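Chemist: For reference, this is protein-v2.txt, and it has compact mmCIF, C-alpha atoms.
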# COMPACT_ATOMS: atom_id res chain seq x y z
CA MET A 1 -17.17 -27.14 -23.15
CA ASP A 2 -13.80 -28.95 -22.85
CA PRO A 3 -12.85 -30.86 -19.65
CA GLU A 4 -10.23 -28.31 -18.60
CA THR A 5 -12.75 -25.46 -18.73
CA ARG A 6 -15.27 -27.47 -16.71
CA GLY A 7 -12.55 -28.28 -14.19
CA GLN A 8 -11.62 -24.63 -13.84
CA GLU A 9 -15.22 -23.77 -13.01
CA ILE A 10 -15.24 -26.32 -10.16
CA ILE A 11 -11.73 -26.00 -8.80
CA LYS A 12 -10.87 -22.76 -7.04
CA VAL A 13 -7.54 -21.42 -5.88
CA THR A 14 -6.68 -21.91 -2.22
CA PRO A 15 -6.24 -19.03 0.25
CA LEU A 16 -2.49 -19.68 0.27
CA GLN A 17 -2.38 -19.40 -3.50
CA GLN A 18 -4.38 -16.18 -3.34
CA MET A 19 -1.87 -14.86 -0.81
CA LEU A 20 1.06 -15.77 -3.06
CA ALA A 21 -0.62 -14.11 -6.08
CA SER A 22 -1.41 -10.90 -4.18
CA CYS A 23 2.06 -10.80 -2.59
CA THR A 24 3.66 -11.12 -6.04
CA GLY A 25 1.42 -8.34 -7.35
CA ALA A 26 2.24 -6.09 -4.40
CA ILE A 27 6.00 -6.50 -4.78
CA LEU A 28 5.91 -6.10 -8.56
CA THR A 29 3.76 -2.97 -8.28
CA SER A 30 6.08 -1.37 -5.74
CA LEU A 31 9.17 -2.19 -7.81
CA ILE A 32 7.69 -0.57 -10.93
CA VAL A 33 5.99 2.48 -9.38
CA THR A 34 8.45 3.46 -6.62
CA PRO A 35 11.16 4.87 -8.95
CA LEU A 36 8.61 7.36 -10.31
CA ASP A 37 7.91 8.66 -6.83
CA VAL A 38 11.58 8.70 -5.81
CA VAL A 39 12.41 10.86 -8.83
CA LYS A 40 9.45 13.12 -8.07
CA ILE A 41 10.62 13.62 -4.47
CA ARG A 42 14.21 14.29 -5.57
CA LEU A 43 13.01 16.93 -8.05
CA GLN A 44 10.79 18.55 -5.41
CA ALA A 45 13.60 18.54 -2.85
CA GLN A 46 15.93 20.16 -5.37
CA ASN A 47 13.54 23.08 -5.88
CA ASN A 48 12.34 23.25 -2.27
CA PRO A 49 14.90 21.81 0.18
CA LEU A 50 13.49 19.61 2.94
CA PRO A 51 14.55 20.87 6.40
CA LYS A 52 14.49 18.67 9.50
CA GLY A 53 10.96 18.07 10.72
CA LYS A 54 9.26 18.80 7.40
CA CYS A 55 6.99 16.07 6.07
CA PHE A 56 6.65 14.67 2.57
CA VAL A 57 4.49 11.94 1.05
CA TYR A 58 6.19 8.78 -0.21
CA SER A 59 4.19 6.40 -2.40
CA ASN A 60 5.21 2.88 -3.38
CA GLY A 61 2.15 2.36 -5.57
CA LEU A 62 0.33 0.44 -2.84
CA MET A 63 0.07 2.98 -0.03
CA ASP A 64 0.96 6.59 0.67
CA HIS A 65 3.29 7.13 3.62
CA LEU A 66 3.87 10.38 5.48
CA CYS A 67 7.61 10.68 6.09
CA VAL A 68 9.40 13.14 8.37
CA CYS A 69 12.73 14.62 7.30
CA GLU A 70 15.60 13.71 9.58
CA GLU A 71 18.96 15.30 10.39
CA GLY A 72 21.63 13.90 8.14
CA GLY A 73 22.66 16.41 5.51
CA ASN A 74 23.35 15.10 2.03
CA LYS A 75 23.65 11.50 3.30
CA LEU A 76 19.89 11.07 3.23
CA TRP A 77 18.62 9.88 -0.14
CA TYR A 78 16.07 12.69 -0.52
CA LYS A 79 18.67 15.37 0.24
CA LYS A 80 21.43 14.26 -2.13
CA PRO A 81 22.37 16.93 -4.68
CA GLY A 82 21.66 16.12 -8.29
CA ASN A 83 21.32 19.24 -10.45
CA PHE A 84 18.49 17.60 -12.38
CA GLN A 85 17.07 19.26 -15.49
CA GLY A 86 13.90 17.22 -15.61
CA THR A 87 12.39 13.79 -14.98
CA LEU A 88 14.37 11.85 -17.60
CA ASP A 89 17.58 13.66 -16.66
CA ALA A 90 16.95 12.76 -13.00
CA PHE A 91 16.51 9.08 -13.86
CA LEU A 92 19.74 8.99 -15.86
CA LYS A 93 21.84 10.93 -13.32
CA ILE A 94 20.59 8.94 -10.34
CA ILE A 95 21.45 5.65 -12.10
CA ARG A 96 24.83 6.92 -13.31
CA ASN A 97 25.99 8.68 -10.15
CA GLU A 98 24.31 6.71 -7.35
CA GLY A 99 23.57 3.32 -8.88
CA ILE A 100 20.28 1.86 -10.04
CA LYS A 101 19.36 0.73 -6.51
CA SER A 102 18.89 4.38 -5.55
CA LEU A 103 15.67 4.43 -7.57
CA TRP A 104 14.16 2.31 -4.79
CA SER A 105 15.46 4.42 -1.90
CA GLY A 106 13.22 4.30 1.16
CA LEU A 107 11.20 1.35 -0.16
CA PRO A 108 11.87 -1.44 2.43
CA PRO A 109 10.28 0.30 5.46
CA THR A 110 7.11 1.08 3.51
CA LEU A 111 6.71 -2.57 2.48
CA VAL A 112 6.38 -3.54 6.14
CA MET A 113 2.81 -2.22 5.96
CA ALA A 114 1.98 -2.20 2.27
CA VAL A 115 2.57 -5.86 1.44
CA PRO A 116 0.66 -7.36 4.42
CA ALA A 117 -2.21 -4.91 3.90
CA THR A 118 -2.48 -5.82 0.21
CA VAL A 119 -2.27 -9.56 0.82
CA ILE A 120 -4.86 -9.47 3.60
CA TYR A 121 -7.27 -7.28 1.64
CA PHE A 122 -7.22 -9.22 -1.64
CA THR A 123 -7.34 -12.65 0.01
CA CYS A 124 -10.12 -11.71 2.44
CA TYR A 125 -12.10 -10.01 -0.30
CA ASP A 126 -12.08 -13.07 -2.54
CA GLN A 127 -12.79 -15.48 0.33
CA LEU A 128 -15.66 -13.37 1.68
CA SER A 129 -17.14 -12.86 -1.79
CA ALA A 130 -17.12 -16.61 -2.43
CA LEU A 131 -18.64 -17.34 0.99
CA LEU A 132 -21.42 -14.76 0.60
CA ARG A 133 -22.27 -15.92 -2.93
CA SER A 134 -22.51 -19.52 -1.73
CA LYS A 135 -24.95 -18.43 0.99
CA LEU A 136 -26.91 -15.65 -0.70
CA GLY A 137 -26.65 -16.44 -4.40
CA GLU A 138 -24.53 -15.23 -7.31
CA ASN A 139 -26.75 -12.29 -8.26
CA GLU A 140 -26.64 -10.30 -5.01
CA THR A 141 -25.22 -6.95 -6.11
CA TYR A 142 -24.19 -5.78 -2.63
CA ILE A 143 -21.80 -8.70 -2.02
CA PRO A 144 -18.70 -6.88 -3.41
CA ILE A 145 -19.48 -3.85 -1.23
CA VAL A 146 -19.86 -5.89 1.96
CA ALA A 147 -16.80 -8.01 1.19
CA GLY A 148 -14.74 -4.90 0.42
CA ILE A 149 -15.69 -3.16 3.67
CA VAL A 150 -15.04 -6.19 5.87
CA ALA A 151 -11.76 -6.99 4.11
CA ARG A 152 -10.55 -3.40 4.54
CA PHE A 153 -11.49 -3.40 8.22
CA GLY A 154 -9.46 -6.58 8.66
CA ALA A 155 -6.45 -5.24 6.79
CA VAL A 156 -6.40 -1.96 8.73
CA THR A 157 -6.77 -3.74 12.07
CA VAL A 158 -3.88 -6.12 11.36
CA ILE A 159 -1.43 -3.56 9.96
CA SER A 160 -2.06 -0.74 12.45
CA PRO A 161 0.61 -1.99 14.89
CA LEU A 162 3.09 -2.17 12.00
CA GLU A 163 2.94 1.64 11.67
CA LEU A 164 5.14 1.93 14.77
CA ILE A 165 7.67 -0.47 13.28
CA ARG A 166 7.64 1.31 9.94
CA THR A 167 8.23 4.68 11.60
CA LYS A 168 11.19 3.39 13.61
CA MET A 169 12.71 1.66 10.59
CA GLN A 170 12.36 4.82 8.54
CA SER A 171 14.00 7.09 11.09
CA LYS A 172 16.92 4.82 11.94
CA LYS A 173 18.36 1.41 11.12
CA PHE A 174 17.21 -0.95 13.85
CA SER A 175 18.01 -4.62 14.34
CA TYR A 176 15.16 -7.06 14.94
CA THR A 177 16.23 -7.28 18.59
CA GLU A 178 16.03 -3.50 18.99
CA LEU A 179 12.62 -3.39 17.31
CA HIS A 180 11.34 -6.15 19.61
CA ARG A 181 12.68 -4.27 22.63
CA PHE A 182 10.99 -1.07 21.47
CA VAL A 183 7.59 -2.74 20.95
CA SER A 184 7.84 -4.56 24.30
CA LYS A 185 8.60 -1.29 26.08
CA LYS A 186 5.69 0.44 24.33
CA VAL A 187 3.28 -2.30 25.39
CA SER A 188 4.52 -2.37 28.99
CA GLU A 189 4.18 1.43 29.33
CA ASP A 190 0.93 2.09 27.45
CA GLY A 191 -0.71 -1.32 27.09
CA TRP A 192 -1.54 -3.37 24.00
CA ILE A 193 -4.18 -0.88 22.85
CA SER A 194 -1.44 1.68 22.18
CA LEU A 195 -0.36 -0.38 19.16
CA TRP A 196 -3.69 0.51 17.50
CA ARG A 197 -3.53 4.28 17.93
CA GLY A 198 -4.49 5.86 14.64
CA TRP A 199 -6.78 2.95 13.74
CA ALA A 200 -9.95 5.06 13.60
CA PRO A 201 -8.60 7.77 11.24
CA THR A 202 -7.19 5.06 8.97
CA VAL A 203 -10.56 3.32 8.84
CA LEU A 204 -12.29 6.61 8.00
CA ARG A 205 -9.81 7.09 5.16
CA ASP A 206 -9.77 3.55 3.78
CA VAL A 207 -13.39 2.49 4.30
CA PRO A 208 -15.53 5.20 2.66
CA PHE A 209 -18.81 3.70 3.83
CA SER A 210 -17.73 3.94 7.46
CA SER A 211 -17.07 7.68 7.22
CA MET A 212 -20.78 8.80 7.33
CA PRO A 213 -20.34 9.77 11.14
CA LEU A 214 -17.36 11.80 9.81
CA HIS A 215 -15.29 13.68 12.37
CA MET A 216 -16.25 17.36 12.62
CA SER A 217 -12.70 18.61 12.12
CA THR A 218 -12.67 16.98 8.68
CA TRP A 219 -15.84 18.84 7.73
CA VAL A 220 -14.27 22.09 8.95
CA ILE A 221 -11.18 21.53 6.81
CA MET A 222 -13.31 20.73 3.77
CA LYS A 223 -15.44 23.84 4.30
CA ASN A 224 -12.32 25.99 4.58
CA ILE A 225 -10.92 24.57 1.35
CA VAL A 226 -14.20 25.23 -0.50
CA ALA A 227 -14.42 28.76 0.93
CA LYS A 228 -10.86 29.58 -0.14
CA ASN A 229 -10.46 27.71 -3.43
CA GLY A 230 -13.98 26.72 -4.43
CA PHE A 231 -15.36 23.21 -4.82
CA SER A 232 -12.60 22.35 -7.30
CA GLY A 233 -10.08 22.82 -4.51
CA LEU A 234 -11.20 19.50 -3.03
CA PHE A 235 -9.84 17.81 -6.14
CA SER A 236 -6.47 19.55 -6.31
CA GLY A 237 -3.77 17.17 -7.50
CA LEU A 238 -6.31 14.71 -8.90
CA ILE A 239 -4.76 14.36 -12.37
CA PRO A 240 -1.16 13.69 -11.18
CA ARG A 241 -2.53 11.20 -8.67
CA LEU A 242 -4.56 9.40 -11.33
CA ILE A 243 -1.50 9.21 -13.57
CA LYS A 244 0.34 7.43 -10.74
CA ILE A 245 -2.48 5.36 -9.24
CA ALA A 246 -4.07 4.05 -12.47
CA PRO A 247 -0.95 2.16 -13.65
CA ALA A 248 -0.34 0.88 -10.10
CA CYS A 249 -3.88 -0.53 -9.90
CA ALA A 250 -3.55 -2.04 -13.37
CA ILE A 251 -0.28 -3.78 -12.47
CA MET A 252 -1.55 -5.03 -9.10
CA ILE A 253 -4.90 -6.37 -10.29
CA SER A 254 -3.51 -7.85 -13.51
CA THR A 255 -0.73 -9.66 -11.66
CA TYR A 256 -3.15 -10.91 -9.02
CA GLU A 257 -5.63 -12.24 -11.57
CA PHE A 258 -2.84 -13.79 -13.66
CA GLY A 259 -1.47 -15.48 -10.53
CA LYS A 260 -4.89 -16.89 -9.63
CA ALA A 261 -5.41 -18.16 -13.19
CA PHE A 262 -1.99 -19.82 -13.09
CA PHE A 263 -2.69 -21.58 -9.81
CA GLN A 264 -6.17 -22.57 -11.01
CA LYS A 265 -4.72 -24.30 -14.08
CA GLN A 266 -2.14 -26.06 -11.88
CA ASN A 267 -4.93 -27.30 -9.61
CA VAL A 268 -6.91 -28.61 -12.59
CA ARG A 269 -3.90 -30.48 -13.95
CA ARG A 270 -3.10 -31.86 -10.50
CA GLN A 271 -6.60 -33.26 -10.20
CA GLN A 272 -6.50 -34.76 -13.69
CA TYR A 273 -3.26 -36.59 -13.02
Could you write out this file's structure as structure tokens?

Modeler:
Amino acid sequence: MDPETRGQEIIKVTPLQQMLASCTGAILTSLIVTPLDVVKIRLQAQNNPLPKGKCFVYSNGLMDHLCVCEEGGNKLWYKKPGNFQGTLDAFLKIIRNEGIKSLWSGLPPTLVMAVPATVIYFTCYDQLSALLRSKLGENETYIPIVAGIVARFGAVTVISPLELIRTKMQSKKFSYTELHRFVSKKVSEDGWISLWRGWAPTVLRDVPFSSMPLHMSTWVIMKNIVAKNGFSGLFSGLIPRLIKIAPACAIMISTYEFGKAFFQKQNVRRQQY
């Protein structure tokens, strides 16, 4: 075994380096995947116009966001006319008529939650896994499960207050001063706990193992779907989602692991010299 390999086994990346690697992966994933979803939404809106108050799902490859249509006519990116003939035609016409930046319409507000959540989850997961293995041994098979649950709890708890900010940014352009004033008013009227409304449903969605005392209304909805469409109805839209999610996961994890390997090599060289 050469000295560099031995050094890499001993030297680990720091939490800051893990955060930089996961942040790079999150941004790269959103930049690559978002145009696919923007085109999908534009095609859907062309066939079924989105009136004020109607909701649609916007995905940046990291998280799905429920967006509410606003008043604004054709000025809103998802209501602009395009006369698209298909996916490729939509890509070409959006770039030609609206500029290439339009392929990332609506992205900035979603990153307010998606990037911190991704950074917190990946960093906490790796740190917790390393800690548990040092205490319990390398061969404990439940360590990834425990680390994943705790890391997801932490990520959801931290980003929950950001949902308010994301919603305000999405509905209207606010300055940082106006956002601060809005949050301060919310806290003074309803208390700090109001910033974490919606935490429980998010945990039930993002932490599968915590959903065993599942809310009754969810069971009712699932039973209704099965009664109407059969068991396969619970998996409606699975294939399109896999087509979108699989590349996003591949980009995110590959970038994260590449970033960690890069920092690990830098740490080895730094120690050698």

Chemist: What is the distance between atom CA of A:Ala90 and atom CA of A:Gly61, in Å to one decimal?

Modeler: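 These atoms are spaced 19.6 Å apart.
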
Chemist: Rounded to one decimal in Å, what is the spacing between atom CA of A:Thr118 and atom CA of A:Lys12?

Modeler: 20.2 Å

Chemist: Let me make sure I understand: among A:Gln272, A:Ser254, A:Gln264, A:Gln17, which one has the smallest atom-to-atom distance to A:Thr29 if we use all atoms listed in the file?

Modeler: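 Of A:Gln272, A:Ser254, A:Gln264, A:Gln17, the one nearest A:Thr29, counting all atoms listed in the file, is A:Ser254.
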
Chemist: With a distance cut-off of 7 Å and all atoms listed in the file, select the neighbouring residues of stretch 72-81 of chain A, excluding the residue or stretch itself and same-chain residues fewer than 4 positions from it, and output the selection as a PDB file with C-alpha atoms, in the coordinates of the input.

Modeler:
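What follows is the written file out_6.pdb:
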ATOM      1  CA  ILE A  41      10.620  13.620  -4.470  1.00  0.00           C
ATOM      2  CA  ARG A  42      14.210  14.290  -5.570  1.00  0.00           C
ATOM      3  CA  ALA A  45      13.600  18.540  -2.850  1.00  0.00           C
ATOM      4  CA  SER A 105      15.460   4.420  -1.900  1.00  0.00           C
TER       5      SER A 105
END

Chemist: Enter the distance from atom CA of A:Leu234 to atom CA of A:Arg152, in Å, rounded to one decimal.

Modeler: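 Going from atom CA of A:Leu234 over to atom CA of A:Arg152, I get 24.1 Å.
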
Chemist: Measuring between all atoms listed in the file, which one of A:Pro109, A:Gly82, A:Pro213, A:Gly53 shows the shortest distance to A:Arg96?

Modeler: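 Of the candidates, the smallest distance to A:Arg96 is held by A:Gly82.
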
Chemist: From the set A:Cys69, A:Val39, A:Ile225, A:Ile145, which residue has the shortest atom-to-atom contact distance to A:Lys93, counting all atoms listed in the file?

Modeler: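 Once distances to A:Lys93 are computed over all atoms listed in the file, the minimum belongs to A:Val39.
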
Chemist: Hey, can you pull every residue with an atom no more than 9 Å from (0.4, 2.7, -11.1), using all atoms listed in the file, and send it as a compact mmCIF listing (two decimals) with C-alpha atoms, in the frame of the given file?

Modeler:
# COMPACT_ATOMS: atom_id res chain seq x y z
CA THR A 29 3.76 -2.97 -8.28
CA SER A 30 6.08 -1.37 -5.74
CA ILE A 32 7.69 -0.57 -10.93
CA VAL A 33 5.99 2.48 -9.38
CA GLY A 61 2.15 2.36 -5.57
CA LEU A 62 0.33 0.44 -2.84
CA LEU A 242 -4.56 9.40 -11.33
CA ILE A 243 -1.50 9.21 -13.57
CA LYS A 244 0.34 7.43 -10.74
CA ILE A 245 -2.48 5.36 -9.24
CA ALA A 246 -4.07 4.05 -12.47
CA PRO A 247 -0.95 2.16 -13.65
CA ALA A 248 -0.34 0.88 -10.10
CA CYS A 249 -3.88 -0.53 -9.90
CA ALA A 250 -3.55 -2.04 -13.37
CA ILE A 251 -0.28 -3.78 -12.47
CA MET A 252 -1.55 -5.03 -9.10

Chemist: Determine the nearest neighbour of A:Leu16 from the options A:Ile120, A:Ile149, A:Val183, A:Leu66, counting only C-alpha atoms.

Modeler: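 Residue with the minimum atom-to-atom distance to A:Leu16: A:Ile120.
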
Chemist: Would you pick out the contacts of stretch 126-131 of chain A at 8 Å or less, using all atoms listed in the file, so that residues sharing its chain but fewer than 2 positions from it are not included, and give the list as number ranges by chain?

Modeler: A: 15, 122-124, 133-135, 143-144, 147, 151

Chemist: Need to verify the contact set: A:Ser160, 7 Å, all atoms listed in the file, exclusion of same-chain residues closer than 5 positions in sequence. Can you return it as a PyMOL selection string?

Modeler: chain A and resi 195-196+199

Chemist: I'd like to know which of A:Tyr142, A:Phe231, A:Tyr58, A:Tyr256 is closest to A:Ala26, using only C-alpha atoms.

Modeler: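 Nearest candidate to A:Ala26 out of A:Tyr142, A:Phe231, A:Tyr58, A:Tyr256: A:Tyr256.
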